[in-house]
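This is entry-v4.cif. It holds mmCIF, C-alpha atoms.
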```cif
data_upload
loop_
_atom_site.label_atom_id
_atom_site.label_comp_id
_atom_site.auth_asym_id
_atom_site.auth_seq_id
_atom_site.Cartn_x
_atom_site.Cartn_y
_atom_site.Cartn_z
CA MET A 15 -80.28 17.46 162.41
CA THR A 16 -78.11 20.25 160.98
CA SER A 17 -75.65 19.03 158.31
CA CYS A 18 -71.93 19.86 158.31
CA ALA A 19 -72.45 22.13 155.28
CA ASP A 20 -75.19 24.05 157.10
CA MET A 21 -73.02 24.19 160.21
CA LYS A 22 -70.22 25.92 158.29
CA LEU A 23 -72.71 28.58 157.17
CA LEU A 24 -74.16 29.07 160.66
CA MET A 25 -70.96 28.72 162.68
CA HIS A 26 -69.96 32.38 162.64
CA GLY A 27 -73.49 33.46 163.47
CA LEU A 28 -73.44 31.14 166.47
CA LEU A 29 -70.04 32.48 167.53
CA ASP A 30 -71.31 36.08 167.42
CA GLY A 31 -74.64 35.29 169.10
CA GLU A 32 -76.64 36.21 165.98
CA LEU A 33 -78.73 33.04 165.59
CA ASP A 34 -82.31 32.68 166.76
CA ALA A 35 -83.01 30.23 169.56
CA ALA A 36 -84.11 27.37 167.30
CA ASN A 37 -81.06 27.49 165.01
CA ALA A 38 -78.68 27.99 167.96
CA LEU A 39 -80.10 24.82 169.54
CA LYS A 40 -79.68 22.86 166.29
CA CYS A 41 -76.05 24.01 166.05
CA ASP A 42 -75.36 23.01 169.67
CA GLU A 43 -76.78 19.55 168.99
CA HIS A 44 -74.65 19.16 165.86
CA LEU A 45 -71.48 20.26 167.66
CA ALA A 46 -72.13 17.74 170.41
CA ALA A 47 -72.34 14.93 167.82
CA CYS A 48 -69.73 16.00 165.23
CA GLY A 49 -66.09 16.10 166.34
CA ALA A 50 -64.82 17.74 163.14
CA CYS A 51 -67.21 20.69 163.34
CA ALA A 52 -66.65 20.97 167.10
CA ALA A 53 -62.87 21.21 166.55
CA GLU A 54 -63.32 23.88 163.87
CA TYR A 55 -65.67 25.85 166.13
CA GLU A 56 -63.19 25.64 169.02
CA SER A 57 -60.42 26.97 166.75
CA TYR A 58 -62.55 30.03 165.95
CA GLN A 59 -63.25 30.53 169.64
CA ALA A 60 -59.50 30.41 170.40
CA LEU A 61 -58.75 32.89 167.61
CA ARG A 62 -60.79 35.71 169.17
CA PRO A 63 -58.73 36.11 172.41
CA ALA A 64 -55.54 35.68 170.39
CA ILE A 65 -56.49 38.68 168.26
CA ARG A 66 -57.44 40.73 171.33
CA THR A 67 -54.20 40.03 173.24
CA GLY A 68 -51.87 40.45 170.28
CA ASP A 69 -50.67 36.83 170.23
CA ALA A 70 -51.27 36.84 166.47
CA ARG A 71 -48.67 39.60 165.92
CA HIS A 72 -45.80 38.77 163.54
CA ARG A 73 -42.47 40.60 163.82
CA ALA A 74 -40.59 41.36 160.62
CA PRO A 75 -37.19 39.59 160.33
CA ASP A 76 -34.10 41.59 161.37
CA ALA A 77 -32.60 41.14 157.89
CA LEU A 78 -35.62 42.82 156.30
CA ARG A 79 -35.39 45.72 158.76
CA ALA A 80 -31.70 46.17 157.93
CA ARG A 81 -32.38 46.24 154.17
CA VAL A 82 -35.15 48.82 154.60
CA LEU A 83 -32.91 51.10 156.71
CA ALA A 84 -30.06 50.75 154.20
CA ALA A 85 -32.39 51.69 151.34
CA LEU A 86 -33.61 54.73 153.28
CA ASP A 87 -30.03 55.83 153.99
CA ALA A 88 -29.18 55.55 150.30
CA ALA A 89 -32.27 57.56 149.35
CA SER A 90 -31.40 60.27 151.89
CA GLU A 91 -27.94 60.74 150.32
CA ALA A 92 -29.28 61.33 146.80
CA PRO A 93 -30.89 64.63 145.67
CA ALA A 94 -34.58 64.69 144.88
CA GLY A 95 -35.29 63.23 141.44
CA ARG A 96 -31.77 61.67 141.07
CA THR A 97 -31.70 57.93 140.43
CA ASP A 98 -28.06 57.43 139.46
CA GLY A 99 -27.01 56.74 143.06
CA ARG A 100 -24.52 59.71 143.24
CA ARG A 101 -24.29 61.48 146.56
CA ALA A 102 -25.91 64.87 147.02
CA PRO A 103 -23.65 67.88 147.49
CA PRO A 104 -23.07 68.83 151.15
CA GLY A 105 -25.82 71.10 152.49
CA ARG A 106 -28.11 70.37 149.54
CA ALA A 107 -31.78 70.87 150.53
CA GLY A 108 -33.66 67.65 150.93
CA ALA A 109 -30.56 65.57 151.79
CA TRP A 110 -31.29 64.25 155.29
CA PRO A 111 -28.50 62.75 157.39
CA GLY A 112 -28.86 59.00 157.69
CA ALA A 113 -29.18 59.17 161.48
CA TRP A 114 -32.08 61.64 161.21
CA ARG A 115 -33.83 59.47 158.64
CA ARG A 116 -33.42 56.41 160.87
CA TRP A 117 -34.82 58.34 163.84
CA ASN A 118 -37.79 59.48 161.77
CA VAL A 119 -38.49 55.95 160.55
CA ALA A 120 -38.19 54.61 164.08
CA ALA A 121 -40.63 57.24 165.38
CA SER A 122 -43.08 56.47 162.59
CA GLY A 123 -42.75 52.77 163.33
CA LEU A 124 -43.46 53.35 167.01
CA ALA A 125 -46.55 55.39 166.17
CA LEU A 126 -47.79 52.67 163.82
CA ALA A 127 -47.08 49.99 166.41
CA ALA A 128 -48.99 51.96 169.05
CA SER A 129 -51.96 52.32 166.71
CA LEU A 130 -51.93 48.61 165.91
CA ALA A 131 -51.65 47.77 169.61
CA LEU A 132 -54.73 49.84 170.38
CA PHE A 133 -56.60 48.15 167.54
CA VAL A 134 -55.56 44.64 168.56
CA ALA A 135 -56.18 45.21 172.28
CA ALA A 136 -59.66 46.64 171.74
CA PRO A 137 -62.42 44.07 172.23
CA LEU A 138 -64.20 42.88 169.14
CA ARG A 139 -67.37 44.86 168.68
CA GLY A 140 -70.47 43.06 167.56
CA PRO A 141 -73.37 44.62 165.74
CA ASP A 142 -75.43 47.21 167.60
CA LEU A 143 -78.92 46.33 168.73
CA THR A 144 -80.69 47.82 165.70
CA ASP A 145 -78.44 45.86 163.32
CA GLU A 146 -79.09 42.71 165.32
CA LEU A 147 -82.85 43.20 165.14
CA VAL A 148 -82.76 43.81 161.39
CA ALA A 149 -80.63 40.68 161.03
CA GLY A 150 -83.21 38.75 163.05
CA HIS A 151 -85.98 40.02 160.78
CA VAL A 152 -84.10 39.05 157.61
CA ARG A 153 -83.04 35.71 159.07
CA SER A 154 -86.66 34.80 159.82
CA LEU A 155 -87.46 35.27 156.13
CA LEU A 156 -84.42 33.40 154.79
CA VAL A 157 -84.36 30.25 156.91
CA ASP A 158 -88.10 29.57 156.78
CA HIS A 159 -88.48 30.22 160.48
CA LEU A 160 -91.07 32.96 160.48
CA THR A 161 -93.22 31.34 163.19
CA ASP A 162 -93.07 28.57 165.79
CA VAL A 163 -96.83 28.76 166.28
CA ARG A 164 -98.76 29.81 163.17
CA THR A 165 -102.24 31.12 163.86
CA SER A 166 -104.19 34.36 163.73
CA ASP A 167 -105.80 33.56 167.09
CA GLN A 168 -104.18 35.73 169.75
CA HIS A 169 -105.67 33.48 172.45
CA THR A 170 -103.60 30.61 171.03
CA VAL A 171 -100.37 32.54 170.56
CA LYS A 172 -100.25 34.10 174.04
CA PRO A 173 -100.58 30.81 175.98
CA TRP A 174 -97.97 29.24 173.66
CA PHE A 175 -95.30 31.53 175.19
CA ASN A 176 -96.13 30.30 178.73
CA GLY A 177 -93.22 28.33 180.17
CA LYS A 178 -90.92 29.32 177.30
CA LEU A 179 -90.24 32.86 178.52
CA ASP A 180 -89.75 34.45 181.93
CA PHE A 181 -92.28 37.16 181.04
CA SER A 182 -95.68 37.41 179.39
CA PRO A 183 -95.62 39.47 176.16
CA PRO A 184 -98.69 41.37 175.00
CA VAL A 185 -100.32 39.54 172.08
CA ILE A 186 -102.98 41.30 170.05
CA ASP A 187 -104.72 40.94 166.70
CA LEU A 188 -104.81 43.99 164.45
CA THR A 189 -106.79 42.50 161.56
CA SER A 190 -109.38 45.26 161.84
CA ALA A 191 -106.58 47.82 161.33
CA GLY A 192 -105.23 46.00 158.27
CA PHE A 193 -102.38 44.15 160.03
CA PRO A 194 -103.48 40.53 160.63
CA LEU A 195 -101.60 38.43 163.18
CA VAL A 196 -99.72 35.50 161.57
CA GLY A 197 -98.25 33.86 164.67
CA GLY A 198 -95.33 33.97 167.04
CA ARG A 199 -91.91 32.46 167.68
CA LEU A 200 -88.94 32.61 169.99
CA ASP A 201 -85.89 34.59 168.90
CA TYR A 202 -82.46 35.30 170.38
CA ILE A 203 -81.40 38.96 170.71
CA SER A 204 -78.46 40.40 172.67
CA GLY A 205 -77.87 37.25 174.65
CA ARG A 206 -81.44 36.53 175.71
CA VAL A 207 -84.50 34.72 174.39
CA VAL A 208 -87.26 37.16 173.35
CA ALA A 209 -90.80 36.97 172.01
CA ALA A 210 -91.36 37.69 168.33
CA LEU A 211 -94.87 38.38 167.05
CA VAL A 212 -95.44 38.25 163.29
CA PHE A 213 -97.94 40.41 161.42
CA LYS A 214 -98.64 40.95 157.74
CA ARG A 215 -99.40 44.04 155.67
CA ARG A 216 -100.41 42.75 152.24
CA GLU A 217 -97.29 40.71 151.25
CA HIS A 218 -94.99 42.48 153.74
CA VAL A 219 -93.89 40.88 157.00
CA ILE A 220 -93.79 42.87 160.24
CA ASN A 221 -91.70 41.40 163.07
CA VAL A 222 -92.38 42.68 166.60
CA PHE A 223 -89.63 41.80 169.12
CA ILE A 224 -90.60 42.09 172.80
CA TRP A 225 -88.68 41.65 176.06
CA PRO A 226 -88.78 43.28 179.53
CA GLU A 227 -87.23 46.69 180.07
CA ALA A 228 -84.14 46.60 182.30
CA ALA A 229 -84.59 47.55 185.94
CA GLY A 230 -84.32 51.30 186.34
CA GLY A 231 -85.03 51.88 182.65
CA ARG A 232 -87.16 54.61 181.20
CA PRO A 233 -90.80 54.47 182.38
CA GLY A 234 -92.09 54.95 178.84
CA SER A 235 -90.73 56.40 175.62
CA GLY A 236 -91.14 56.53 171.89
CA PRO A 237 -91.99 55.57 169.40
CA GLU A 238 -88.62 56.32 167.77
CA ALA A 239 -88.12 55.54 164.07
CA THR A 240 -84.87 54.46 162.38
CA LEU A 241 -83.98 53.37 158.85
CA ARG A 242 -81.37 50.61 158.62
CA GLU A 243 -80.36 48.77 155.43
CA GLY A 244 -83.67 49.60 153.76
CA TYR A 245 -85.80 48.45 156.73
CA HIS A 246 -87.79 50.75 158.98
CA VAL A 247 -87.35 50.14 162.70
CA LEU A 248 -89.78 51.46 165.31
CA HIS A 249 -89.03 51.33 169.04
CA TRP A 250 -90.86 52.23 172.21
CA THR A 251 -91.03 51.16 175.86
CA GLU A 252 -94.30 50.86 177.70
CA GLY A 253 -95.72 48.79 180.53
CA GLY A 254 -92.25 47.56 181.45
CA MET A 255 -91.64 46.14 177.98
CA ASN A 256 -89.19 46.93 175.19
CA VAL A 257 -90.98 46.76 171.83
CA TRP A 258 -89.06 46.82 168.53
CA VAL A 259 -90.86 46.65 165.19
CA VAL A 260 -88.99 45.86 161.94
CA SER A 261 -90.41 45.77 158.42
CA ASP A 262 -89.94 46.97 154.85
CA VAL A 263 -93.36 48.62 154.74
CA SER A 264 -93.39 52.38 154.37
CA LEU A 265 -92.70 54.45 157.48
CA PRO A 266 -96.22 55.99 157.60
CA GLU A 267 -97.75 52.49 157.49
CA LEU A 268 -95.38 51.24 160.18
CA GLN A 269 -96.21 54.24 162.37
CA THR A 270 -99.91 53.48 161.88
CA PHE A 271 -99.19 49.90 162.95
CA GLY A 272 -97.27 51.11 166.00
CA GLU A 273 -100.06 53.39 167.11
CA ALA A 274 -102.66 50.65 166.66
CA PHE A 275 -100.50 48.17 168.58
CA ARG A 276 -99.95 50.58 171.47
CA THR A 277 -103.65 51.51 171.66
CA GLN A 278 -104.77 47.88 171.63
CA ALA A 279 -102.13 46.84 174.17
CA ARG A 280 -103.35 49.50 176.63
CA SER A 281 -106.99 48.36 176.42
#
```
Please rewrite the model in this file as structure tokens.
Amino acid sequence: MTSCADMKLLMHGLLDGELDAANALKCDEHLAACGACAAEYESYQALRPAIRTGDARHRAPDALRARVLAALDAASEAPAGRTDGRRAPPGRAGAWPGAWRRWNVAASGLALAASLALFVAAPLRGPDLTDELVAGHVRSLLVDHLTDVRTSDQHTVKPWFNGKLDFSPPVIDLTSAGFPLVGGRLDYISGRVVAALVFKRREHVINVFIWPEAAGGRPGSGPEATLREGYHVLHWTEGGMNVWVVSDVSLPELQTFGEAFRTQARS
């Protein structure tokens, strides 16, 4: 059972949909049993729409507004560089009439308010897919959840996914190519449960995330390489599947892995 201390660390990840399936389930079980953590989680949930709709906006007091306008009027009546409070001579450059200064401040305030309104009204943006995959890779290393089924036997890993997913991911062993299979697990990416295959390259971990391509998607593409936060990400679609590979191995090694994986998956 997840402790309250662990729940506080995982709560924001659960709120943003960033936890893997196993940790998300543990958090749900804890929230169902712990009223204090459930109340705190509900307060965070309520905060998000409040920020979007502007209910969290705070209007400055009228007295403060009056003092600011009075200070601006006084500044507009003094010449540049003068601090003794004496009025500027009529027609002196840089001496703005008080009404003009107030209009300018009001216009600036309206522009700022409009910018803040656009910011507040905009929906909160979560991490993009590549960031989410890298986070899933790092999370698997940090929380000791690298595999749900730990074996190098592909004929054990593939049947393990049966009944846990609504698709059948390709599971292969690349030991002969220098990338032994370690096992597999379930992960949670972009609102759905996906398959994660785990390979090794010396002491480096390679996570392969797999889920079906959306209807009407590209018939086949890639591989496309990206570098994100020091991790290489390789992506391709083939056979109706999205395949994303994340690791800290060098890009040439990861490309070699990708080619070996694609070749073996086609055979």
task: Name the residues captured by the PyMOL selection byres ((chain A and resi 24) around 12) when it is applied to the shown file; answer as a PyMOL selection string.
output: chain A and resi 16-23+25-34+37-42+44-45+51+55+153+157
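Pairwise distance (atom CA of A:Leu156, atom CA of A:Thr170) equals 25.3 Å.
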Please evaluate the PyMOL selection byres ((chain A and resi 173) around 12) against the structure above and give the resulting residues as a short mmCIF file (atom, residue, chain, number, x, y, z; two decimals) with C-alpha atoms, in the coordinates of the input.
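Output (part39.cif):
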```cif
data_model
loop_
_atom_site.label_atom_id
_atom_site.label_comp_id
_atom_site.auth_asym_id
_atom_site.auth_seq_id
_atom_site.Cartn_x
_atom_site.Cartn_y
_atom_site.Cartn_z
CA VAL A 163 -96.83 28.76 166.28
CA ASP A 167 -105.80 33.56 167.09
CA GLN A 168 -104.18 35.73 169.75
CA HIS A 169 -105.67 33.48 172.45
CA THR A 170 -103.60 30.61 171.03
CA VAL A 171 -100.37 32.54 170.56
CA LYS A 172 -100.25 34.10 174.04
CA TRP A 174 -97.97 29.24 173.66
CA PHE A 175 -95.30 31.53 175.19
CA ASN A 176 -96.13 30.30 178.73
CA GLY A 177 -93.22 28.33 180.17
CA LYS A 178 -90.92 29.32 177.30
CA LEU A 179 -90.24 32.86 178.52
CA PHE A 181 -92.28 37.16 181.04
CA SER A 182 -95.68 37.41 179.39
CA PRO A 183 -95.62 39.47 176.16
CA PRO A 184 -98.69 41.37 175.00
CA VAL A 185 -100.32 39.54 172.08
CA GLY A 197 -98.25 33.86 164.67
CA GLY A 198 -95.33 33.97 167.04
#
```
task: Taking the file above as input, evaluate the PyMOL selection byres ((chain A and resi 262-270) around 8) and report the hits as a ChimeraX atom specification.
output: /A:215,218-220,244-246,248,260-261,271-274
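A straight line drawn from atom CA of A:Thr277 to atom CA of A:Val212 is 17.7 Å long.
Among the candidates A:His151, A:Ala279, A:Thr165, A:Ser204, the residue lying nearest to A:Val259 is A:His151 (atoms considered: all atoms listed in the file).
Rounded to one decimal, atom CA of A:Asp162 and atom CA of A:Gly150 lie 14.4 Å from each other.
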Need the shell around A:Glu243: protein/DNA/RNA residues with any atom at most 10 Å away, counting only C-alpha atoms. Skip same-chain ones fewer than 6 positions apart. Format as a PDB file with C-alpha atoms, keeping the file's coordinate frame?
```pdb
ATOM      1  CA  ASP A 145     -78.440  45.860 163.320  1.00  0.00           C
ATOM      2  CA  VAL A 148     -82.760  43.810 161.390  1.00  0.00           C
ATOM      3  CA  ALA A 149     -80.630  40.680 161.030  1.00  0.00           C
ATOM      4  CA  ASP A 262     -89.940  46.970 154.850  1.00  0.00           C
TER       5      ASP A 262
END
```
task: Find the residue from A:Asp180, A:Asp142, A:Asp87, A:Glu217 that sits nearest to A:Phe193; use all atoms listed in the file when measuring.
output: A:Glu217
message: Using all atoms listed in the file for the distances, tell me which of A:Ala53, A:Gly205, A:Pro75, A:Ile186 is nearest to A:Gln278.
response: A:Ile186
- request: Skip A:Met255 itself and residues of its chain fewer than 4 positions away, then list as an MDAnalysis selection string all residues within 8 Å of it, counting all atoms listed in the file.
  value: chainID A and resid 183 224:227 251
Selection near A:Tyr202, 6 Å with all atoms listed in the file, sequence-local residues under 3 positions removed, as a CSV table (one decimal) with C-alpha atoms, in the frame of the given file:
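Okay, this is what ended up in result.csv:
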```
chain,number,residue,atom,x,y,z
A,34,ASP,CA,-82.3,32.7,166.8
A,35,ALA,CA,-83.0,30.2,169.6
A,206,ARG,CA,-81.4,36.5,175.7
A,207,VAL,CA,-84.5,34.7,174.4
A,208,VAL,CA,-87.3,37.2,173.4
```
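Those residues that approach A:Phe223 to within 6 Å, counting only C-alpha atoms, are A:Ala209, A:Ala210, A:Val257, A:Trp258; same-chain residues fewer than 2 positions away are not listed.
For the residues A:Gly236, A:Leu61, A:Leu200, A:Arg81, ranking by smallest atom-to-atom distance to A:His249 using only C-alpha atoms places A:Gly236 first.
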Filled-in N, CA and C atoms of stretch 255-274 of chain A, supplied as a short mmCIF file (atom, residue, chain, number, x, y, z; two decimals), in the frame of the given file:
```cif
data_model
loop_
_atom_site.label_atom_id
_atom_site.label_comp_id
_atom_site.auth_asym_id
_atom_site.auth_seq_id
_atom_site.Cartn_x
_atom_site.Cartn_y
_atom_site.Cartn_z
N MET A 255 -92.10 46.95 179.10
CA MET A 255 -91.64 46.14 177.98
C MET A 255 -90.91 46.98 176.93
N ASN A 256 -89.86 46.39 176.37
CA ASN A 256 -89.19 46.93 175.19
C ASN A 256 -89.90 46.36 173.97
N VAL A 257 -90.31 47.22 173.06
CA VAL A 257 -90.98 46.76 171.83
C VAL A 257 -90.22 47.32 170.63
N TRP A 258 -89.77 46.44 169.76
CA TRP A 258 -89.06 46.82 168.53
C TRP A 258 -89.80 46.23 167.34
N VAL A 259 -90.12 47.07 166.37
CA VAL A 259 -90.86 46.65 165.19
C VAL A 259 -89.98 46.85 163.96
N VAL A 260 -89.85 45.81 163.13
CA VAL A 260 -88.99 45.86 161.94
C VAL A 260 -89.78 45.39 160.73
N SER A 261 -89.71 46.16 159.64
CA SER A 261 -90.41 45.77 158.42
C SER A 261 -89.91 46.61 157.25
N ASP A 262 -90.26 46.18 156.03
CA ASP A 262 -89.94 46.97 154.85
C ASP A 262 -91.16 47.74 154.34
N VAL A 263 -92.24 47.77 155.14
CA VAL A 263 -93.36 48.62 154.74
C VAL A 263 -92.95 50.08 154.88
N SER A 264 -93.72 50.97 154.29
CA SER A 264 -93.39 52.38 154.37
C SER A 264 -93.46 52.87 155.81
N LEU A 265 -92.72 53.93 156.11
CA LEU A 265 -92.70 54.45 157.48
C LEU A 265 -94.09 54.90 157.95
N PRO A 266 -94.88 55.62 157.12
CA PRO A 266 -96.22 55.99 157.60
C PRO A 266 -97.07 54.77 157.97
N GLU A 267 -96.99 53.70 157.17
CA GLU A 267 -97.75 52.49 157.49
C GLU A 267 -97.25 51.85 158.79
N LEU A 268 -95.92 51.84 158.97
CA LEU A 268 -95.38 51.24 160.18
C LEU A 268 -95.75 52.07 161.41
N GLN A 269 -95.79 53.39 161.26
CA GLN A 269 -96.21 54.24 162.37
C GLN A 269 -97.69 54.02 162.70
N THR A 270 -98.50 53.82 161.66
CA THR A 270 -99.91 53.48 161.88
C THR A 270 -100.03 52.17 162.64
N PHE A 271 -99.21 51.18 162.25
CA PHE A 271 -99.19 49.90 162.95
C PHE A 271 -98.80 50.10 164.40
N GLY A 272 -97.74 50.89 164.63
CA GLY A 272 -97.27 51.11 166.00
C GLY A 272 -98.32 51.75 166.88
N GLU A 273 -99.01 52.72 166.33
CA GLU A 273 -100.06 53.39 167.11
C GLU A 273 -101.21 52.43 167.42
N ALA A 274 -101.60 51.61 166.42
CA ALA A 274 -102.66 50.65 166.66
C ALA A 274 -102.24 49.60 167.69
#
```
